[in-house]
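**Student:** So that we are looking at the same thing, I have put the structure below in structure tokens.
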Amino acid sequence: MSFKDLQLNKPILKAIAEAGYDTPTLVQEKTIPFVLDKKDVIVSAQTGTGKTAAFAIPILRLLFDKQDTPIKGKKIKALIVSPTRELAIQIEQHFKTLSTYTNLRTTVVFGGTSIEPQKDILKKGIDILVATPGRLLDLHKQDIINLDYIETLVLDEADLMLDMGFIDAIKKIERLCPDNKQTLLFSATIPYKVEQLANTLLKTPKRIEVAPNSSTSKNITQLLYYVPKRNKIELCLHLLRNTIKGNIIIFRRTKFGVDKLEKTLIKNGYRVDSIHGNKSQSARQEALNNFKKNQINILIATDVAARGIDIKALDAVINFDLPNIPETYVHRIGRTARAGKHGVAYSFCSADEKNYVQSIQRLIQLQLDIIEEHPYPLDPKAKKEVHKSPNKSKYKKGRKSAASKKKKKRWY
Ligand code: AMP
């Protein structure tokens, strides 16, 4: 199929060609006709599949016929809600690229930066708004944003939005839009809670699934290193010195872990930067730009900070800490081996993470290749390392209730 078969028009086709897209990706081929037909859709697709253009292209086509309202009179007609600032910026860039030959105007608003410049742009009149939930509601409360004219609402990365606790915000945003709008829900995975959300928000949606949830590319070599927790940094340095070359992302579970590893790698002369939730928006953006421009070749990240970010030509992913949610492993390693390239995923597993390996392997239906030949092997009988604090009173042990122990801690 070609883009010409998708009932688009010349200005949009020209921008698509200039963006370097020759043929539609699978998710675009399946999604674009339904969106043009004003249907609600629920799409299960991960970053890297071309899903952003799968909603951006038809939204621009639908709005094209209304593009010539004078700027002052412009009302927001399409709203894209995205969980993170980085993703929101990326989506805005897609819209801007694809709308080059139209008069449609897009802007992005997100928290963590000054609200005033965002207000000024909004007051000038725009057609398409990309927003993170908190800042969107804030601006709505201040009467800067009017959602009464929304024709298409996109909820991107719905599973992540729910993980981040945005459920009430999403429901509120949806209620602020007109009843007769079209709603498009995109999610890397469709767990039960996303299904439930879709049931309450979408009207007889068309379902599109481009890849099974657990798919991992055949082009990724997946290696597993059993290693004591305290030796993970040494193993990482050993592999960086001897084995892993090129552009690398290292995932850690906590912000603290990211900072600690970054310091060590910098001390050892590596060109490194990092992204996590405690960093300012501009620092995160700068790190990403430096990585894209090859000024650094190692990026250390927490999962949420890195989610959805489009980074091309990644040679390796290191799972310094294994994720406790197996789908996260699939997201992480899916960042390498894009577009038919080959990539390697290195996973470090300490004694307390062995269970995670089991659930990952169950999900991907594959055994990871265990590398035994390395300088820091883990004793196969090793138990979880317990850090005993000498001052701790024995009476403090077990003070947490069973319910609170069960509660999983967020790390973002
Ligand atoms: P996404 O899944 O939306 O994050 O897109 C992943 C990458 O694929 C982005 O860099 C897009 O610019 C690129 N892309 C999107 N659609 C196409 C296409 N039809 N052909 C080639 N590249 C594309």
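By convention in this document, the chains of the structure tokens carry letters A, B, ... by their order, each chain's residues are numbered from 1, and ligands are numbered from 1 in the order they are shown.
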Neighbours of ligand 1 within 10 Å, counting only C-alpha atoms and all ligand atoms, as a PyMOL selection string?

**Tutor:** chain A and resi 2-3+16-17+19-29+45-57+87+90-91+93-94+97+308-312+338-339

**Student:** Could you pull the residues within 10 Å of Tyr101 (chain A), counting only C-alpha atoms, minus those fewer than 4 positions along the same chain, as a list in words?

**Tutor:** Lys10, Pro11, Ile12, Leu13, Lys14, Ala15, Lys96 and Thr97 of chain A

**Student:** Go ahead and write the residues just picked, C-alpha atoms, as a PDB file, in the first residue's frame.

**Tutor:**
ATOM      1  CA  LYS A  10      -1.323  16.871  -1.839  1.00  0.00           C
ATOM      2  CA  PRO A  11      -0.020  19.153   0.942  1.00  0.00           C
ATOM      3  CA  ILE A  12       0.001  16.276   3.420  1.00  0.00           C
ATOM      4  CA  LEU A  13       1.461  13.784   0.936  1.00  0.00           C
ATOM      5  CA  LYS A  14       4.235  16.254   0.154  1.00  0.00           C
ATOM      6  CA  ALA A  15       5.136  16.619   3.842  1.00  0.00           C
ATOM      7  CA  LYS A  96       4.673  20.367  12.827  1.00  0.00           C
ATOM      8  CA  THR A  97       6.620  18.363  10.233  1.00  0.00           C
TER       9      THR A  97
END

**Student:** Go through region 69-125 of chain A and flag each residue having an atom no more than 10 Å from region 156-177 of chain A; for those, report the closest pair of atoms plus their distance in Å to one decimal, using only C-alpha atoms, ordered by chain and rising number, as a tab-separated table.

**Tutor:**
residue	atom	partner	partner_atom	distance
A:Lys77	CA	A:Cys177	CA	10.0
A:Leu79	CA	A:Cys177	CA	9.3
A:Ile80	CA	A:Asp156	CA	7.1
A:Val81	CA	A:Asp156	CA	6.1
A:Ser82	CA	A:Asp156	CA	5.2
A:Pro83	CA	A:Met161	CA	5.2
A:Thr84	CA	A:Met161	CA	8.6
A:Leu87	CA	A:Asp156	CA	9.1
A:Ala88	CA	A:Asp156	CA	9.3
A:Ile91	CA	A:Asp156	CA	9.6

**Student:** Could you pull the residues within 10 Å of Pro323 (chain A), counting only C-alpha atoms, minus those fewer than 6 positions along the same chain, as a list in words?

**Tutor:**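 Contacts, in chain order: Phe251, Arg252, Arg253, Asp303, Tyr329, Val330, Arg332, Ser347, Glu353, Tyr356, Val357 and Ile360 of chain A.
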
**Student:** Interatomic distance between CA of Leu299 (chain A) and CA of Ser274 (chain A)?

**Tutor:**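 One can read the CA of Leu299 (chain A) to CA of Ser274 (chain A) distance as 5.3 Å.
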
**Student:** Near Glu86 (chain A), counting only C-alpha atoms, which residues have an atom at most 12 Å away, once you skip same-chain residues fewer than 2 positions from it, shown as a PyMOL selection string?

**Tutor:** chain A and resi 82-84+88-93+108-112+130-132+275-277+280-289+304-311

**Student:** Save out the residues we just selected, N, CA, C and O atoms, as a short mmCIF file (atom, residue, chain, number, x, y, z; two decimals), in the first residue's frame.

**Tutor:**
data_model
loop_
_atom_site.label_atom_id
_atom_site.label_comp_id
_atom_site.auth_asym_id
_atom_site.auth_seq_id
_atom_site.Cartn_x
_atom_site.Cartn_y
_atom_site.Cartn_z
N SER A 82 -0.62 13.23 26.49
CA SER A 82 0.55 12.36 26.53
C SER A 82 1.11 12.34 27.96
O SER A 82 1.05 13.35 28.65
N PRO A 83 1.63 11.21 28.43
CA PRO A 83 2.03 11.14 29.83
C PRO A 83 3.27 11.95 30.18
O PRO A 83 3.37 12.48 31.28
N THR A 84 4.24 12.03 29.28
CA THR A 84 5.49 12.71 29.66
C THR A 84 5.79 13.88 28.74
O THR A 84 5.30 13.95 27.61
N ALA A 88 5.43 14.36 24.64
CA ALA A 88 4.57 15.44 24.14
C ALA A 88 5.34 16.29 23.12
O ALA A 88 4.82 16.63 22.06
N ILE A 89 6.59 16.58 23.44
CA ILE A 89 7.40 17.39 22.52
C ILE A 89 7.58 16.65 21.18
O ILE A 89 7.47 17.22 20.10
N GLN A 90 7.84 15.35 21.29
CA GLN A 90 8.02 14.55 20.06
C GLN A 90 6.77 14.56 19.20
O GLN A 90 6.84 14.66 17.98
N ILE A 91 5.62 14.45 19.86
CA ILE A 91 4.36 14.42 19.11
C ILE A 91 4.15 15.77 18.41
O ILE A 91 3.78 15.84 17.24
N GLU A 92 4.42 16.85 19.15
CA GLU A 92 4.27 18.18 18.54
C GLU A 92 5.16 18.29 17.30
O GLU A 92 4.75 18.80 16.27
N GLN A 93 6.41 17.76 17.42
CA GLN A 93 7.32 17.85 16.27
C GLN A 93 6.77 17.10 15.07
O GLN A 93 6.87 17.57 13.94
N VAL A 108 2.44 22.76 22.10
CA VAL A 108 2.54 21.76 23.16
C VAL A 108 2.60 22.47 24.50
O VAL A 108 3.24 23.52 24.62
N VAL A 109 1.92 21.92 25.50
CA VAL A 109 2.03 22.46 26.87
C VAL A 109 2.34 21.32 27.83
O VAL A 109 1.84 20.22 27.69
N PHE A 110 3.23 21.59 28.77
CA PHE A 110 3.58 20.56 29.76
C PHE A 110 4.06 21.25 31.02
O PHE A 110 4.45 22.43 30.99
N GLY A 111 4.04 20.51 32.11
CA GLY A 111 4.44 21.08 33.40
C GLY A 111 5.95 21.18 33.53
O GLY A 111 6.69 20.78 32.63
N GLY A 112 6.37 21.75 34.64
CA GLY A 112 7.82 21.82 34.90
C GLY A 112 8.49 23.00 34.24
O GLY A 112 9.69 23.19 34.41
N VAL A 130 -1.07 19.54 22.01
CA VAL A 130 -0.48 18.35 22.63
C VAL A 130 -0.20 18.74 24.07
O VAL A 130 0.36 19.82 24.32
N ALA A 131 -0.58 17.89 25.03
CA ALA A 131 -0.46 18.33 26.42
C ALA A 131 -0.24 17.16 27.37
O ALA A 131 -0.68 16.04 27.11
N THR A 132 0.44 17.45 28.47
CA THR A 132 0.47 16.48 29.57
C THR A 132 -0.74 16.81 30.47
O THR A 132 -1.19 17.96 30.50
N ILE A 275 18.75 10.85 32.09
CA ILE A 275 17.42 11.47 32.21
C ILE A 275 16.63 10.73 33.28
O ILE A 275 16.62 9.50 33.34
N HIS A 276 16.02 11.49 34.15
CA HIS A 276 15.07 10.94 35.12
C HIS A 276 14.17 12.06 35.62
O HIS A 276 14.40 13.24 35.34
N GLY A 277 13.17 11.66 36.39
CA GLY A 277 12.11 12.59 36.78
C GLY A 277 12.54 13.77 37.63
O GLY A 277 11.83 14.77 37.69
N SER A 280 15.45 18.76 35.55
CA SER A 280 14.58 19.78 34.95
C SER A 280 14.31 19.40 33.50
O SER A 280 15.07 18.63 32.89
N GLN A 281 13.23 19.96 32.99
CA GLN A 281 12.86 19.68 31.61
C GLN A 281 14.01 20.02 30.66
O GLN A 281 14.35 19.24 29.77
N SER A 282 14.66 21.17 30.89
CA SER A 282 15.70 21.58 29.93
C SER A 282 16.91 20.65 30.04
O SER A 282 17.53 20.32 29.04
N ALA A 283 17.21 20.17 31.26
CA ALA A 283 18.35 19.25 31.40
C ALA A 283 18.07 17.92 30.70
O ALA A 283 18.95 17.34 30.07
N ARG A 284 16.81 17.47 30.77
CA ARG A 284 16.46 16.21 30.12
C ARG A 284 16.54 16.35 28.60
O ARG A 284 17.05 15.49 27.89
N GLN A 285 16.02 17.48 28.12
CA GLN A 285 16.03 17.72 26.69
C GLN A 285 17.46 17.84 26.17
O GLN A 285 17.81 17.30 25.12
N GLU A 286 18.30 18.50 26.98
CA GLU A 286 19.69 18.67 26.56
C GLU A 286 20.39 17.31 26.48
O GLU A 286 21.14 17.04 25.54
N ALA A 287 20.12 16.45 27.47
CA ALA A 287 20.73 15.12 27.46
C ALA A 287 20.32 14.36 26.20
O ALA A 287 21.16 13.73 25.53
N LEU A 288 19.04 14.44 25.86
CA LEU A 288 18.56 13.73 24.66
C LEU A 288 19.19 14.30 23.39
O LEU A 288 19.62 13.55 22.51
N ASN A 289 19.27 15.63 23.34
CA ASN A 289 19.89 16.25 22.16
C ASN A 289 21.35 15.85 22.04
O ASN A 289 21.83 15.52 20.94
N VAL A 304 10.41 5.48 33.06
CA VAL A 304 9.40 6.45 32.69
C VAL A 304 10.00 7.60 31.91
O VAL A 304 9.45 8.05 30.90
N ALA A 305 11.19 8.05 32.32
CA ALA A 305 11.82 9.18 31.61
C ALA A 305 12.13 8.80 30.17
O ALA A 305 12.07 9.64 29.28
N ALA A 306 12.43 7.54 29.93
CA ALA A 306 12.87 7.13 28.60
C ALA A 306 11.75 6.62 27.72
O ALA A 306 11.92 6.45 26.53
N ARG A 307 10.60 6.39 28.33
CA ARG A 307 9.52 5.74 27.60
C ARG A 307 9.09 6.53 26.37
O ARG A 307 8.86 7.73 26.44
N GLY A 308 8.99 5.85 25.25
CA GLY A 308 8.45 6.48 24.06
C GLY A 308 9.41 7.37 23.30
O GLY A 308 9.13 7.82 22.21
N ILE A 309 10.55 7.63 23.90
CA ILE A 309 11.48 8.53 23.22
C ILE A 309 12.08 7.83 22.01
O ILE A 309 12.53 6.69 22.10
N ASP A 310 12.06 8.53 20.92
CA ASP A 310 12.49 7.91 19.68
C ASP A 310 13.98 8.15 19.47
O ASP A 310 14.41 9.27 19.20
N ILE A 311 14.75 7.11 19.66
CA ILE A 311 16.18 7.25 19.46
C ILE A 311 16.60 6.23 18.42
O ILE A 311 16.37 5.04 18.58
#

**Student:** CA of Leu63 (chain A) and CA of Asp37 (chain A) are how many Å apart?

**Tutor:**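 Those two atoms sit 12.9 Å apart.
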
**Student:** Which residues are near Pro58 (chain A)? Cut-off 7 Å, only C-alpha atoms, ignore same chain within fewer than 2 positions. Put them as a PyMOL selection string.

**Tutor:** chain A and resi 32+35-36+55-56+60-62

**Student:** How about saving the chosen residues, N, CA and C atoms kept, as a PDB file, in the first residue's frame?

**Tutor:**
ATOM      1  N   ILE A  32      -5.211   4.697   9.836  1.00  0.00           N
ATOM      2  CA  ILE A  32      -5.590   5.935   9.129  1.00  0.00           C
ATOM      3  C   ILE A  32      -7.018   5.871   8.540  1.00  0.00           C
ATOM      4  N   VAL A  35      -9.667   6.391  11.278  1.00  0.00           N
ATOM      5  CA  VAL A  35      -9.686   7.752  11.842  1.00  0.00           C
ATOM      6  C   VAL A  35     -10.346   8.704  10.843  1.00  0.00           C
ATOM      7  N   LEU A  36     -10.001   8.547   9.560  1.00  0.00           N
ATOM      8  CA  LEU A  36     -10.619   9.404   8.537  1.00  0.00           C
ATOM      9  C   LEU A  36     -12.134   9.188   8.492  1.00  0.00           C
ATOM     10  N   PHE A  55      -1.829   8.676  13.958  1.00  0.00           N
ATOM     11  CA  PHE A  55      -2.941   9.575  14.316  1.00  0.00           C
ATOM     12  C   PHE A  55      -2.723  10.991  13.782  1.00  0.00           C
ATOM     13  N   ALA A  56      -1.454  11.415  13.658  1.00  0.00           N
ATOM     14  CA  ALA A  56      -1.205  12.790  13.208  1.00  0.00           C
ATOM     15  C   ALA A  56      -1.676  12.994  11.764  1.00  0.00           C
ATOM     16  N   LEU A  60      -4.636  15.654  10.692  1.00  0.00           N
ATOM     17  CA  LEU A  60      -4.332  16.820   9.839  1.00  0.00           C
ATOM     18  C   LEU A  60      -5.240  16.823   8.607  1.00  0.00           C
ATOM     19  N   ARG A  61      -5.483  15.645   8.058  1.00  0.00           N
ATOM     20  CA  ARG A  61      -6.353  15.577   6.870  1.00  0.00           C
ATOM     21  C   ARG A  61      -7.775  16.013   7.222  1.00  0.00           C
ATOM     22  N   LEU A  62      -8.264  15.534   8.381  1.00  0.00           N
ATOM     23  CA  LEU A  62      -9.633  15.889   8.788  1.00  0.00           C
ATOM     24  C   LEU A  62      -9.763  17.398   9.036  1.00  0.00           C
TER      25      LEU A  62
END

**Student:** Please give the complete set of residues from region 131-189 of chain A that DSSP, run on the backbone, assigns to alpha helix (DSSP H), formatted as a PyMOL selection string.

**Tutor:** chain A and resi 133-141+158-163+167-176

**Student:** Could you tell me which of A:Gly246, A:Pro326, A:Gly257, A:Gly269 comes closest to Thr302 (chain A) if we count only C-alpha atoms?

**Tutor:** A:Gly257

**Student:** Between A:Pro191, A:Gly334, A:Pro205, A:Pro117, single out the one closest to Ile220 (chain A), counting only C-alpha atoms.

**Tutor:** A:Gly334

**Student:** Could you write out, as a ChimeraX atom specification, all the residues of region 171-320 of chain A that DSSP marks as strand (DSSP E or B)?

**Tutor:** /A:182-187,206-209,220-226,248-251,272-275,298-301,316-319

**Student:** Take the residues just selected and output them with C-alpha atoms as a tab-separated table (two decimals), in the first residue's frame.

**Tutor:**
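Final output, result.tsv:
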chain	number	residue	atom	x	y	z
A	182	GLN	CA	-13.93	10.98	18.26
A	183	THR	CA	-11.56	9.27	20.72
A	184	LEU	CA	-8.39	7.41	19.78
A	185	LEU	CA	-6.62	5.39	22.44
A	186	PHE	CA	-3.04	4.22	21.87
A	187	SER	CA	-1.28	1.92	24.29
A	206	LYS	CA	-12.33	-0.48	16.14
A	207	ARG	CA	-9.47	-2.54	17.47
A	208	ILE	CA	-6.03	-2.57	15.93
A	209	GLU	CA	-3.14	-4.64	17.12
A	220	ILE	CA	18.04	-8.55	19.23
A	221	THR	CA	20.56	-10.80	20.91
A	222	GLN	CA	19.44	-11.09	24.52
A	223	LEU	CA	22.19	-11.88	27.00
A	224	LEU	CA	21.86	-12.52	30.71
A	225	TYR	CA	24.63	-12.03	33.28
A	226	TYR	CA	24.13	-13.36	36.78
A	248	ILE	CA	24.01	2.65	24.45
A	249	ILE	CA	21.12	3.19	26.85
A	250	ILE	CA	21.52	1.91	30.39
A	251	PHE	CA	18.32	1.46	32.36
A	272	VAL	CA	27.54	10.05	29.56
A	273	ASP	CA	24.36	11.93	30.39
A	274	SER	CA	21.16	10.90	32.09
A	275	ILE	CA	17.42	11.47	32.21
A	298	ILE	CA	25.81	6.56	26.75
A	299	LEU	CA	22.47	7.62	28.16
A	300	ILE	CA	21.37	6.40	31.58
A	301	ALA	CA	17.64	6.51	32.22
A	316	ALA	CA	22.89	-1.85	22.84
A	317	VAL	CA	20.61	-1.67	25.84
A	318	ILE	CA	21.90	-2.54	29.28
A	319	ASN	CA	19.37	-3.57	31.89

**Student:** For a quick check of understanding, using only C-alpha atoms, which of A:Arg105, A:Ile371, A:Ala313, A:Asp321 has the smallest distance to Thr336 (chain A)?

**Tutor:** A:Ala313

**Student:** Separation of CA of His140 (chain A) and CA of Leu122 (chain A), in Å?

**Tutor:**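 Between CA of His140 (chain A) and CA of Leu122 (chain A) the gap works out to 11.1 Å.
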